[in-house]
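> Structure provided below as structure tokens; questions to follow.
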Amino acid sequence: MSSTMDSDPLLALRHAIKTKSPITYVANSEPTASLLAASHIVLSPTISLPKSTTTRYSKPGTSASSPSDFFTLEAVYLAWLLRDAPVAEYMKQARDNGLAVGFVSVTERKSIVEWLEGKVHDLKRIVSLAAESTTPPGTPTHPGAATIPLITPKRAAHAADTTTTPSKRRYVADQQDVEVVKRIKQNEVELRDRNTILRGTKTNNFSALRATYSEKLKKLKETKPGAASVPAPTAGPPMQSRKAKNLYPIIMISSSPTALITMHNVKRFLQESLFESSSAARERAAAAGNSRAEDVIHIDRRRVPPSSSSQPPSTPRGDIQRYFVVDSTDALQKFGADAWERVVCVMTTGQAWQFRPYRWSEPRALFHHVKGVYVSWANDPPNTKIKDWNVTELKIDPHRRHIDKSVVAHFWQLIDDWTITNKPWLIKS
């Protein structure tokens with residue numbers, strides 16, 4: 001039994017797996033960790049076989065009459081090594097190890113793995129040995145099993161010596177094998193997965209498209225924000241008689257130094273979609289020579305119209321809409337006696353004293369005439385004071401700055417929806 005195991009690659013591999021012996025690889029008599037680079041598979045201290053050695057495990061749909069009808073030692077070992085790998089990963093690893101064809105199929109993998117691990121004692125497509133049977137005594141022979149003589153490397157060399165001299169051991173390929181290989185290559189199908197299929201075979205050149213739009217993008221960047229004139233409204237409240245330059249919407253924020261949004265960081269937050277703490281923004285401004293924040297700040301944003309998806313590619317994304325931001329009624333008075341008609345939003349910290357100098361000092365009345373937004377940290381507990389104020393909560397994450405863009409986009413969507421419904425004359429058409 002031991003001599004048969006030493007000479008038969010399949011039995012030697014099965015014994016190594018069942019005894020949990022370490023299986024290593026050798027390339028040019030040197031150990032290697034790569035199966036692809038290896039030339040031999042070491043199954044035990046005394047057994048080292050070429051990985052291309054033919055086993056007795058026949059391929060499905062073959063007559064089992066030629067060496068090409070059997071799986072190699074590498075293919076059988078790789079099926080066991082990747083026994084738990086998903087289908088796509090198993091096929092990828094087989095290709096990466098040089099087995100584009102000739103690997104054990106996924107449907108056959110389970111049966112050969114169970115035989116190698118000793119869970120089953122008989123496998124139909126494993127051809128039995130003529131010289132010595134490996135079937136345990138008393139086990140009936142499988143009716144479909146064929147029998148081939150045991151071919152060892154020594155016997156193969158001896159067979160070659162019968163036709164050539166000892167000094168000339170040149171391999172001569174069998175013509176029938178050559179024809180079989182040709183037919184296999186003609187019918188070879190390259191295995192593809194979801195990664196390789198997306199690469200395609202045609203090289204696409206988008207230089208013409210880039211040249212077409214480069215000039216348009218250049219002109220778009222050179223357009224000064226707010227340079228376009230605002231058309232005078234044709235109907236509406238008393239604001240229709242004022243000049244277009246005075247029709248910009250106004251946003252009021254809290255003057256509290258503990259507020260998340262102050263005059264120091266509001267421009268960067270609403271215009272650049274990046275939140276910066278008020279203290280950090282104040283220090284940055286002081287380093288630039290600006291010790292005091294402005295009492296009136298303008299915000300320019302490109303408002304995307306609802307029908308932008310149906311416009312041709314040459315149509316700009318939307319008009320530049322200008323907003324003014326103030327944090328006190330003193331600054332608001334600079335816009336005239338009817339400035340409250342242009343206030344579209346009040347951002348609050350939940351403190352009622354903020355509204356005392358306002359036109360509507362009671363929160364319920366105030367947020368009936370303007371859009372209320374309560375700004376807080378995302379991890380703050382709910383504020384019970386604002387539950388009856390008709391305000392929308394705007395939560396800012398303390399650490400993840402990459403979500404600021406979605407928070408600001410949500411804010412502008414709230415402002416656009418409210419303004420279009422309640423004060424449409426303030427929106428650029």
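Residues in the structure tokens are numbered from 1 in each chain, the chains being A, B, ... in the order shown, and ligands are numbered from 1 in the order shown.
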Any idea what's packed within 12 Å of Leu270 in chain A, counting only C-alpha atoms, ignoring anything in its chain fewer than 6 positions away? Could you give it as a list in words?
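The residues that qualify are Ile251, Ile261, Thr262, Met263, His264, Glu276, Ile297, His298, Ile299, Asp300, Arg301, Arg302, Arg322, Tyr323, Phe324, Val325, Asp404, Lys405, Ser406, Val407, Val408, Ala409, His410, Phe411, Trp412 and Ile415 of chain A.
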> Taking only C-alpha atoms into account, which of A:Trp360, A:Arg14, A:Leu394, A:Ile320 comes nearest Val120 in chain A?
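Answer, going by the shortest atom-to-atom distance: A:Arg14.
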> Within range 248-404 of chain A, find each residue whose DSSP state, derived from the backbone, is strand (DSSP E), and express the selection as a count of residues only.
38
> Need the shell around Leu73 in chain A: protein/DNA/RNA residues with any atom at most 12 Å away, counting only C-alpha atoms. Skip same-chain ones fewer than 5 positions apart. Format as JSON, numbers by chain?
{"A": [8, 9, 10, 11, 12, 13, 14, 35, 39, 40, 41, 42, 43, 48, 49, 50, 51, 52, 53, 54, 55, 56, 57, 58, 78, 79, 80, 99, 102, 103, 104]}
> Keeping N, CA and C atoms for every residue in the selection just given, could you write it to a file as a tab-separated table (two decimals), in the first residue's frame?

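Here's the written file out07.tsv:
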chain	number	residue	atom	x	y	z
A	8	ASP	N	1.61	6.80	-6.78
A	8	ASP	CA	0.38	7.34	-7.34
A	8	ASP	C	0.14	8.76	-6.78
A	9	PRO	N	0.09	9.78	-7.64
A	9	PRO	CA	-0.07	11.16	-7.16
A	9	PRO	C	-1.38	11.37	-6.40
A	10	LEU	N	-2.46	10.76	-6.84
A	10	LEU	CA	-3.75	10.98	-6.22
A	10	LEU	C	-3.79	10.42	-4.80
A	11	LEU	N	-3.24	9.19	-4.62
A	11	LEU	CA	-3.20	8.60	-3.29
A	11	LEU	C	-2.25	9.36	-2.37
A	12	ALA	N	-1.13	9.85	-2.94
A	12	ALA	CA	-0.19	10.61	-2.12
A	12	ALA	C	-0.81	11.91	-1.65
A	13	LEU	N	-1.54	12.59	-2.52
A	13	LEU	CA	-2.22	13.82	-2.12
A	13	LEU	C	-3.29	13.54	-1.09
A	14	ARG	N	-4.04	12.46	-1.27
A	14	ARG	CA	-5.10	12.12	-0.32
A	14	ARG	C	-4.52	11.81	1.06
A	35	LEU	N	2.07	28.93	-6.08
A	35	LEU	CA	1.78	27.73	-6.84
A	35	LEU	C	2.01	27.97	-8.33
A	39	SER	N	7.26	24.43	-9.73
A	39	SER	CA	7.34	23.35	-10.72
A	39	SER	C	6.94	22.02	-10.10
A	40	HIS	N	7.11	21.87	-8.78
A	40	HIS	CA	6.80	20.63	-8.08
A	40	HIS	C	5.95	20.94	-6.85
A	41	ILE	N	5.14	19.97	-6.47
A	41	ILE	CA	4.35	20.03	-5.23
A	41	ILE	C	4.92	18.97	-4.28
A	42	VAL	N	5.32	19.40	-3.08
A	42	VAL	CA	5.93	18.50	-2.10
A	42	VAL	C	4.83	18.03	-1.16
A	43	LEU	N	4.54	16.72	-1.22
A	43	LEU	CA	3.46	16.15	-0.42
A	43	LEU	C	3.97	15.53	0.87
A	48	SER	N	7.91	14.34	-3.90
A	48	SER	CA	7.85	15.63	-4.58
A	48	SER	C	7.52	15.36	-6.04
A	49	LEU	N	6.35	15.81	-6.48
A	49	LEU	CA	5.88	15.49	-7.81
A	49	LEU	C	5.71	16.75	-8.64
A	50	PRO	N	5.97	16.67	-9.96
A	50	PRO	CA	5.68	17.82	-10.83
A	50	PRO	C	4.19	18.14	-10.76
A	51	LYS	N	3.88	19.43	-10.72
A	51	LYS	CA	2.47	19.80	-10.59
A	51	LYS	C	1.66	19.45	-11.83
A	52	SER	N	2.33	19.22	-12.95
A	52	SER	CA	1.64	18.84	-14.18
A	52	SER	C	1.45	17.33	-14.31
A	53	THR	N	1.78	16.58	-13.23
A	53	THR	CA	1.64	15.13	-13.27
A	53	THR	C	0.17	14.74	-13.48
A	54	THR	N	-0.06	13.81	-14.39
A	54	THR	CA	-1.41	13.35	-14.67
A	54	THR	C	-1.90	12.42	-13.55
A	55	THR	N	-3.13	12.64	-13.09
A	55	THR	CA	-3.71	11.79	-12.05
A	55	THR	C	-4.69	10.79	-12.69
A	56	ARG	N	-5.32	9.99	-11.85
A	56	ARG	CA	-6.30	9.01	-12.32
A	56	ARG	C	-7.72	9.59	-12.31
A	57	TYR	N	-7.86	10.87	-12.02
A	57	TYR	CA	-9.17	11.51	-11.98
A	57	TYR	C	-9.52	12.01	-13.38
A	58	SER	N	-10.46	11.34	-14.03
A	58	SER	CA	-10.77	11.62	-15.43
A	58	SER	C	-11.70	12.82	-15.54
A	78	LEU	N	-5.65	22.29	-6.36
A	78	LEU	CA	-6.25	23.61	-6.31
A	78	LEU	C	-7.75	23.52	-5.97
A	79	ALA	N	-8.43	22.48	-6.43
A	79	ALA	CA	-9.84	22.29	-6.09
A	79	ALA	C	-10.00	22.08	-4.59
A	80	TRP	N	-9.08	21.32	-3.98
A	80	TRP	CA	-9.16	21.13	-2.53
A	80	TRP	C	-8.74	22.39	-1.78
A	99	LEU	N	-4.47	28.03	-14.95
A	99	LEU	CA	-5.41	26.99	-15.34
A	99	LEU	C	-6.64	27.62	-15.98
A	102	GLY	N	-8.76	23.23	-17.99
A	102	GLY	CA	-8.19	22.07	-17.32
A	102	GLY	C	-8.34	22.07	-15.82
A	103	PHE	N	-9.10	23.03	-15.26
A	103	PHE	CA	-9.32	22.99	-13.82
A	103	PHE	C	-10.61	22.22	-13.52
A	104	VAL	N	-10.72	21.75	-12.30
A	104	VAL	CA	-11.90	21.00	-11.87
A	104	VAL	C	-13.08	21.96	-11.81
> List as JSON, numbers by chain the protein and nucleic acid residues near Asp416 in chain A, meaning an atom at most 12 Å away when only C-alpha atoms are counted, but skip any in the same chain fewer than 2 places from it.
{"A": [249, 301, 302, 303, 304, 305, 306, 321, 323, 344, 345, 371, 409, 410, 411, 412, 413, 414, 418, 419, 420, 421, 422, 423, 424, 425, 426, 427, 428]}
> Need to verify the contact set: Ser376 in chain A, 7 Å, only C-alpha atoms, exclusion of same-chain residues closer than 2 positions in sequence. Can you return it as a PyMOL selection string?
chain A and resi 374+378+380+394-396
> Of the candidates A:Ile253, A:Leu116, A:Leu123, A:Leu191, which one gets nearest to Ala94 in chain A if we count only C-alpha atoms?
A:Leu191
> Determine, counting only C-alpha atoms, which protein, DNA and RNA residues have an atom within 8 Å of an atom of Val373 in chain A; residues of the same chain fewer than 4 positions away are not included. Present the result as a ChimeraX atom specification.
/A:345-348,391-394
> Rounded to one decimal, what separation in Å do you get between CA of Asp122 in chain A and CA of Ile184 in chain A?
29.4 Å
> So which one's closest to Trp389 in chain A, A:Trp353, A:Trp340, A:Phe367, A:Tyr213? Using only C-alpha atoms, please.
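Ranking A:Trp353, A:Trp340, A:Phe367, A:Tyr213 by distance to Trp389 in chain A, first place goes to A:Phe367.
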> Find, counting only C-alpha atoms, the residue in A:Val266, A:Ala16, A:Ala85, A:Ala100 that gets nearest to Ala281 in chain A.
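Of A:Val266, A:Ala16, A:Ala85, A:Ala100, the one nearest Ala281 in chain A is A:Val266, counting only C-alpha atoms.
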> Can you tell me how far CA of Thr349 in chain A sits from CA of Ser256 in chain A, in Å to one decimal?
8.2 Å
